[in-house]
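One structure is given below, encoded as structure tokens.
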Amino acid sequence: MIAIIDYEAGNLTSVKRALDYLEIPGRITADAETIRGARGIIFPGVGAAGQAMRTLRRTGLDELLRERVTRGVPFLGLCLGSQIVLESTPENDTQGLGLIPGHCQRFHPDLTEAGLPINIPHMGWNAVRGTDRAPSLFAGIEEGAEFYFVHAYYPVPEAPYRLGSTEYGTSFCSVLGREGLWAVQFHPEKSGRPGLTLLENFNAYCREAR
Amino acid sequence: MLCKRIIPCLDVRDGRLTKGIKFAGNRDIGDPVATARAYYEQGADEIVFYDITASHERRDIMLDVVDRVASQIFIPFSVGGGIRSVEDMRSVLLSGAEKVSVNSAAVKDPDLIRRGAEAFGSQCVVLGMDVLRVEPTGDAPSGYEVVIHGGRRRMGMDALEWAREAERLGAGEICLNSIDADGTKDGYELNLTRMVADAVRIPVIASGGAGNPRHMVEAATTGRASAALIASIVHYGDYTIPGIKEEMRQSGVPVRMSW
């Protein structure tokens, strides 16, 4: 079973629906025992960083997630999850889980694409490149495949943890982490076939890691 | 580089698909879930459902459609039509839609945009605007006026001002429908599209008037739209989504080509 972490941020059903469609057992949960019994953890991205971290600290889930990752349980952060795994983000001046060294940054309003000012948030489909550094997560996904993004902040991890990048006025890190501890800035559950393949790859990794 | 989106729009009434031409003479052409799935498999970047069910009591039928779509289609989709309250928004989002669009209700109660954005985030709230070209007046100095009820009622509001106000209130996106262009197949209202796209920093979806793939290219380039809504040109088989995207790609417009 894969635990989809419930941190009271709203609707988490889209990740669950994608797992159901792929016939991957998953459970939306905040229960420590259930999370300890999971063979993998997905941290979905909904809401604002400040509220998410407050809930994680209040419920003790922050410590539990660190412990599970330390024990080698596979972890996949999605969207906001790719910011929460870092040490800090300027969004609501928030300290993150610190699973991956680095911080976050907001898209600068002066950035342009094709000579026009960018919209913020970055919303829509964009290519993810350089993912040969995350081979087990991106197996069977073609280089430069597009994924669906919705975000105003982006992760800035330390160099060894940058596993894939995307262009939006600037080049930013859209895939980060290391083998078994990944985070992606996009929404694989909303990214069509490449996104579903990524979730399947994560599940396959969890099965083998066990 | 961010891709320009191609978004088929499905009009739904009582759980069945229709397509309004000039907002009249709707005819039933099938099951919305199967149609949405077909467009998903053909590379649609997003799907819009517009619920024209008249009776509020029958809205549960639409929620069931939304739920079934969300269980088999893994791209974003939005639902509009008859959304009047934060509770209406919540039920649609909980049924599995990413976004809700508000139109007439937001014109009557602009604060609905703010309440929706506060409750669910701006990215969930799309403002749908129906716009009519008019002689520039004190009420509509841009020469474009906001209308509701499918174009039947003029509101004495300037379209450009309303777009800016909606952005300020927290709308995440604007779906901009030209009543003049709608159903003509002569192309999007590019002047209007560009004017609004330049006035706000949220994405603008061009709507109304698509007749061939050149029109999507124009909306994305001259019109500076982030996305183009399409309906009859694909519903009746004149063009396919892969064909439209290929033409856009060849014209240098960034589009998603792998799905």
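By convention in this document, the chains of the structure tokens carry letters A, B, ... by their order, each chain's residues are numbered from 1, and ligands are numbered from 1 in the order they are shown.
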(request) For Asp88 (chain B), list every protein, DNA or RNA residue within 12 Å, evaluated using only C-alpha atoms, and leave out those in the same chain fewer than 3 positions away; present the list as a list in words. (result)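 These residues fall inside the cut-off: His56, Arg59, Asp60, Met62, Leu63, Val79, Gly80, Gly81, Gly82, Ile83, Arg84, Ser85, Ser91, Val92, Leu93, Leu94, Ser95, Lys99, Val100, Ser101, Val102, Ala105, Leu112 and Gly116 of chain B.
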(request) Skip Arg39 (chain A) itself and residues of its chain fewer than 3 positions away, then list as JSON, numbers by chain all residues within 12 Å of it, counting only C-alpha atoms. (result) {"A": [1, 2, 3, 4, 24, 25, 26, 27, 34, 35, 36, 42, 68, 69, 71, 72, 73, 74, 75, 76, 180, 202, 203, 204, 205, 206, 207, 208, 209, 210]}
Export, as an mmCIF file, in the first residue's frame, the selected residues with N, CA and C atoms.
data_model
loop_
_atom_site.group_PDB
_atom_site.id
_atom_site.type_symbol
_atom_site.label_atom_id
_atom_site.label_comp_id
_atom_site.auth_asym_id
_atom_site.auth_seq_id
_atom_site.Cartn_x
_atom_site.Cartn_y
_atom_site.Cartn_z
ATOM 1 N N MET A 1 0.845 -1.202 0.000
ATOM 2 C CA MET A 1 0.000 0.000 0.000
ATOM 3 C C MET A 1 0.877 1.249 0.000
ATOM 4 N N ILE A 2 0.462 2.227 -0.791
ATOM 5 C CA ILE A 2 1.154 3.508 -0.804
ATOM 6 C C ILE A 2 0.328 4.514 -0.014
ATOM 7 N N ALA A 3 0.960 5.208 0.914
ATOM 8 C CA ALA A 3 0.261 6.197 1.729
ATOM 9 C C ALA A 3 0.311 7.550 1.025
ATOM 10 N N ILE A 4 -0.870 8.130 0.818
ATOM 11 C CA ILE A 4 -0.970 9.496 0.305
ATOM 12 C C ILE A 4 -1.210 10.376 1.529
ATOM 13 N N ILE A 24 -3.106 0.411 -8.316
ATOM 14 C CA ILE A 24 -2.072 0.459 -7.284
ATOM 15 C C ILE A 24 -2.782 0.731 -5.954
ATOM 16 N N PRO A 25 -2.609 -0.154 -4.958
ATOM 17 C CA PRO A 25 -3.271 0.092 -3.678
ATOM 18 C C PRO A 25 -2.729 1.366 -3.029
ATOM 19 N N GLY A 26 -3.636 2.266 -2.673
ATOM 20 C CA GLY A 26 -3.227 3.517 -2.047
ATOM 21 C C GLY A 26 -4.251 3.931 -1.016
ATOM 22 N N ARG A 27 -3.803 4.713 -0.037
ATOM 23 C CA ARG A 27 -4.734 5.182 0.981
ATOM 24 C C ARG A 27 -4.387 6.617 1.365
ATOM 25 N N THR A 34 -0.704 3.533 9.865
ATOM 26 C CA THR A 34 -0.923 3.259 8.444
ATOM 27 C C THR A 34 0.306 3.686 7.636
ATOM 28 N N ILE A 35 0.836 4.863 7.974
ATOM 29 C CA ILE A 35 2.002 5.370 7.237
ATOM 30 C C ILE A 35 3.217 4.458 7.495
ATOM 31 N N ARG A 36 3.368 3.975 8.747
ATOM 32 C CA ARG A 36 4.490 3.059 9.038
ATOM 33 C C ARG A 36 4.363 1.754 8.267
ATOM 34 N N ILE A 42 3.542 9.018 -0.833
ATOM 35 C CA ILE A 42 3.366 10.130 -1.763
ATOM 36 C C ILE A 42 2.910 11.335 -0.955
ATOM 37 N N ARG A 68 10.668 7.915 8.281
ATOM 38 C CA ARG A 68 10.422 6.929 7.227
ATOM 39 C C ARG A 68 11.471 7.062 6.118
ATOM 40 N N VAL A 69 11.766 8.324 5.744
ATOM 41 C CA VAL A 69 12.755 8.547 4.683
ATOM 42 C C VAL A 69 14.132 8.058 5.141
ATOM 43 N N ARG A 71 14.729 5.678 7.104
ATOM 44 C CA ARG A 71 14.709 4.220 7.053
ATOM 45 C C ARG A 71 14.667 3.673 5.627
ATOM 46 N N GLY A 72 14.650 4.574 4.659
ATOM 47 C CA GLY A 72 14.741 4.127 3.275
ATOM 48 C C GLY A 72 13.407 3.835 2.608
ATOM 49 N N VAL A 73 12.307 4.269 3.220
ATOM 50 C CA VAL A 73 11.006 4.085 2.563
ATOM 51 C C VAL A 73 10.922 5.050 1.375
ATOM 52 N N PRO A 74 10.597 4.547 0.188
ATOM 53 C CA PRO A 74 10.529 5.429 -0.987
ATOM 54 C C PRO A 74 9.509 6.552 -0.790
ATOM 55 N N PHE A 75 9.887 7.740 -1.266
ATOM 56 C CA PHE A 75 9.105 8.952 -1.044
ATOM 57 C C PHE A 75 9.009 9.703 -2.355
ATOM 58 N N LEU A 76 7.792 10.191 -2.649
ATOM 59 C CA LEU A 76 7.592 11.009 -3.849
ATOM 60 C C LEU A 76 6.771 12.234 -3.466
ATOM 61 N N GLY A 180 15.115 7.005 -4.773
ATOM 62 C CA GLY A 180 14.260 6.633 -3.648
ATOM 63 C C GLY A 180 13.651 7.798 -2.886
ATOM 64 N N PHE A 202 7.152 4.709 -9.850
ATOM 65 C CA PHE A 202 7.352 4.875 -8.406
ATOM 66 C C PHE A 202 6.863 3.630 -7.669
ATOM 67 N N ASN A 203 5.698 3.142 -8.080
ATOM 68 C CA ASN A 203 5.150 1.937 -7.435
ATOM 69 C C ASN A 203 6.069 0.735 -7.647
ATOM 70 N N ALA A 204 6.599 0.600 -8.855
ATOM 71 C CA ALA A 204 7.505 -0.525 -9.143
ATOM 72 C C ALA A 204 8.752 -0.425 -8.260
ATOM 73 N N TYR A 205 9.263 0.804 -8.084
ATOM 74 C CA TYR A 205 10.429 1.003 -7.226
ATOM 75 C C TYR A 205 10.108 0.612 -5.785
ATOM 76 N N CYS A 206 8.909 1.002 -5.318
ATOM 77 C CA CYS A 206 8.498 0.670 -3.940
ATOM 78 C C CYS A 206 8.441 -0.845 -3.750
ATOM 79 N N ARG A 207 7.931 -1.537 -4.751
ATOM 80 C CA ARG A 207 7.820 -3.008 -4.650
ATOM 81 C C ARG A 207 9.191 -3.642 -4.539
ATOM 82 N N GLU A 208 10.132 -3.119 -5.348
ATOM 83 C CA GLU A 208 11.471 -3.711 -5.349
ATOM 84 C C GLU A 208 12.257 -3.337 -4.105
ATOM 85 N N ALA A 209 11.997 -2.135 -3.584
ATOM 86 C CA ALA A 209 12.755 -1.655 -2.429
ATOM 87 C C ALA A 209 12.382 -2.432 -1.166
ATOM 88 N N ARG A 210 11.237 -3.043 -1.205
ATOM 89 C CA ARG A 210 10.712 -3.666 0.007
ATOM 90 C C ARG A 210 11.497 -4.898 0.424
#
(request) Give me, please, the distance in Å between CA of Cys173 (chain A) and CA of Gln72 (chain B), quoted to one decimal. (result) 29.6 Å
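Within the 10 Å cut-off around Arg68 (chain B), using only C-alpha atoms and omitting residues fewer than 2 positions from it on the same chain, the listed residues are Pro32, Val33, Ala34, Met62, Leu63, Asp64, Val65, Val66, Ala70, Ser71, Gln72, Ile73, Ser95 and Gly96 of chain B.
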Selected residues written out with N, CA and C atoms, as a compact mmCIF listing (two decimals), in the first residue's frame:
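As written to disk, result_39.txt reads:
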# COMPACT_ATOMS: atom_id res chain seq x y z
N PRO B 32 -21.04 12.48 -22.66
CA PRO B 32 -19.91 13.37 -22.36
C PRO B 32 -18.67 12.64 -21.85
N VAL B 33 -18.85 11.55 -21.10
CA VAL B 33 -17.69 10.86 -20.54
C VAL B 33 -16.88 10.20 -21.65
N ALA B 34 -17.58 9.48 -22.54
CA ALA B 34 -16.89 8.81 -23.65
C ALA B 34 -16.23 9.83 -24.57
N MET B 62 -24.90 16.09 -13.22
CA MET B 62 -23.62 16.63 -13.69
C MET B 62 -22.48 16.19 -12.75
N LEU B 63 -22.76 16.18 -11.45
CA LEU B 63 -21.71 15.76 -10.51
C LEU B 63 -21.30 14.32 -10.76
N ASP B 64 -22.26 13.50 -11.15
CA ASP B 64 -21.95 12.11 -11.50
C ASP B 64 -21.08 12.05 -12.76
N VAL B 65 -21.39 12.88 -13.73
CA VAL B 65 -20.56 12.95 -14.95
C VAL B 65 -19.13 13.36 -14.57
N VAL B 66 -19.01 14.38 -13.72
CA VAL B 66 -17.69 14.87 -13.30
C VAL B 66 -16.91 13.76 -12.62
N ALA B 70 -13.41 12.14 -13.91
CA ALA B 70 -12.20 12.23 -13.08
C ALA B 70 -11.57 10.87 -12.83
N SER B 71 -12.36 9.81 -12.95
CA SER B 71 -11.84 8.47 -12.69
C SER B 71 -11.12 7.86 -13.88
N GLN B 72 -11.24 8.48 -15.05
CA GLN B 72 -10.57 7.89 -16.21
C GLN B 72 -9.84 8.88 -17.10
N ILE B 73 -9.84 10.15 -16.72
CA ILE B 73 -9.17 11.15 -17.54
C ILE B 73 -8.17 11.89 -16.68
N SER B 95 -16.05 16.45 -6.59
CA SER B 95 -16.38 15.38 -7.55
C SER B 95 -15.22 15.08 -8.48
N GLY B 96 -14.17 15.93 -8.46
CA GLY B 96 -12.96 15.59 -9.20
C GLY B 96 -12.50 16.59 -10.24
Among region 48-113 of chain A, which residues does DSSP mark as strand (DSSP E or B) when it is run on the backbone? Keep the chain and numbering as in the structure and answer as a PDB file with N, CA and C atoms, in the first residue's frame.
ATOM      1  N   PHE A  75       9.887   7.740  -1.266  1.00  0.00           N
ATOM      2  CA  PHE A  75       9.105   8.952  -1.044  1.00  0.00           C
ATOM      3  C   PHE A  75       9.009   9.703  -2.355  1.00  0.00           C
ATOM      4  N   LEU A  76       7.792  10.191  -2.649  1.00  0.00           N
ATOM      5  CA  LEU A  76       7.592  11.009  -3.849  1.00  0.00           C
ATOM      6  C   LEU A  76       6.771  12.234  -3.466  1.00  0.00           C
ATOM      7  N   GLY A  77       7.376  13.400  -3.591  1.00  0.00           N
ATOM      8  CA  GLY A  77       6.662  14.655  -3.337  1.00  0.00           C
ATOM      9  C   GLY A  77       6.144  15.223  -4.643  1.00  0.00           C
ATOM     10  N   LEU A  78       4.913  15.742  -4.630  1.00  0.00           N
ATOM     11  CA  LEU A  78       4.314  16.307  -5.834  1.00  0.00           C
ATOM     12  C   LEU A  78       4.017  17.795  -5.614  1.00  0.00           C
ATOM     13  N   SER A  88      13.698  25.344   3.267  1.00  0.00           N
ATOM     14  CA  SER A  88      12.870  26.527   3.504  1.00  0.00           C
ATOM     15  C   SER A  88      12.268  27.034   2.209  1.00  0.00           C
ATOM     16  N   THR A  89      11.188  27.816   2.363  1.00  0.00           N
ATOM     17  CA  THR A  89      10.595  28.494   1.222  1.00  0.00           C
ATOM     18  C   THR A  89      10.115  29.862   1.677  1.00  0.00           C
ATOM     19  N   THR A  94       8.456  29.922   5.402  1.00  0.00           N
ATOM     20  CA  THR A  94       8.241  28.605   5.998  1.00  0.00           C
ATOM     21  C   THR A  94       9.501  27.758   6.030  1.00  0.00           C
ATOM     22  N   GLN A  95       9.735  27.098   7.195  1.00  0.00           N
ATOM     23  CA  GLN A  95      10.776  26.072   7.275  1.00  0.00           C
ATOM     24  C   GLN A  95      10.197  24.758   6.770  1.00  0.00           C
ATOM     25  N   GLY A 102      18.380  22.765   0.315  1.00  0.00           N
ATOM     26  CA  GLY A 102      18.023  23.786  -0.665  1.00  0.00           C
ATOM     27  C   GLY A 102      16.844  24.604  -0.190  1.00  0.00           C
ATOM     28  N   HIS A 103      16.423  25.539  -1.043  1.00  0.00           N
ATOM     29  CA  HIS A 103      15.317  26.427  -0.696  1.00  0.00           C
ATOM     30  C   HIS A 103      14.437  26.639  -1.921  1.00  0.00           C
ATOM     31  N   CYS A 104      13.498  27.560  -1.848  1.00  0.00           N
ATOM     32  CA  CYS A 104      12.597  27.847  -2.972  1.00  0.00           C
ATOM     33  C   CYS A 104      12.687  29.313  -3.344  1.00  0.00           C
ATOM     34  N   GLN A 105      12.160  29.607  -4.498  1.00  0.00           N
ATOM     35  CA  GLN A 105      12.202  30.970  -5.000  1.00  0.00           C
ATOM     36  C   GLN A 105      10.916  31.233  -5.766  1.00  0.00           C
ATOM     37  N   ARG A 106      10.468  32.485  -5.789  1.00  0.00           N
ATOM     38  CA  ARG A 106       9.274  32.837  -6.552  1.00  0.00           C
ATOM     39  C   ARG A 106       9.699  33.262  -7.957  1.00  0.00           C
ATOM     40  N   THR A 112      10.570  37.022 -18.897  1.00  0.00           N
ATOM     41  CA  THR A 112       9.781  37.039 -20.134  1.00  0.00           C
ATOM     42  C   THR A 112       9.959  35.725 -20.885  1.00  0.00           C
ATOM     43  N   GLU A 113       8.974  35.427 -21.729  1.00  0.00           N
ATOM     44  CA  GLU A 113       9.087  34.321 -22.689  1.00  0.00           C
ATOM     45  C   GLU A 113       8.644  34.860 -24.035  1.00  0.00           C
TER      46      GLU A 113
END
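The list of chain B residues within 7 Å of chain A is Met1, Leu2, Cys3, Ser71, Gln72, Phe74, Ile75, Pro76, Leu94, Gly96, Arg201, Ile202, Pro203, Arg256, Ser258 and Trp259 of chain B; this uses only C-alpha atoms.
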(request) Kindly give the distance, in Å, that separates CA of Gly15 (chain B) and CA of Ile61 (chain B), rounded to a single decimal. (result) 5.7 Å
(request) For CA of Asp198 (chain B) and CA of Leu127 (chain B), determine how far apart the two atoms are, in Å to one decimal place. (result)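 Going from CA of Asp198 (chain B) over to CA of Leu127 (chain B), I get 16.4 Å.
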(message) Set the distance at 9 Å and use only C-alpha atoms: which residues neighbour region 137-142 of chain B once local chain neighbours fewer than 6 positions away are removed? I'd like the list as number ranges by chain.
(response) B: 156-161, 195
(message) Just want the 6 Å neighbourhood of Gly170 (chain B), counted on only C-alpha atoms, with same-chain residues fewer than 6 positions away dropped. Output as number ranges by chain.
(response) B: 114, 117, 122
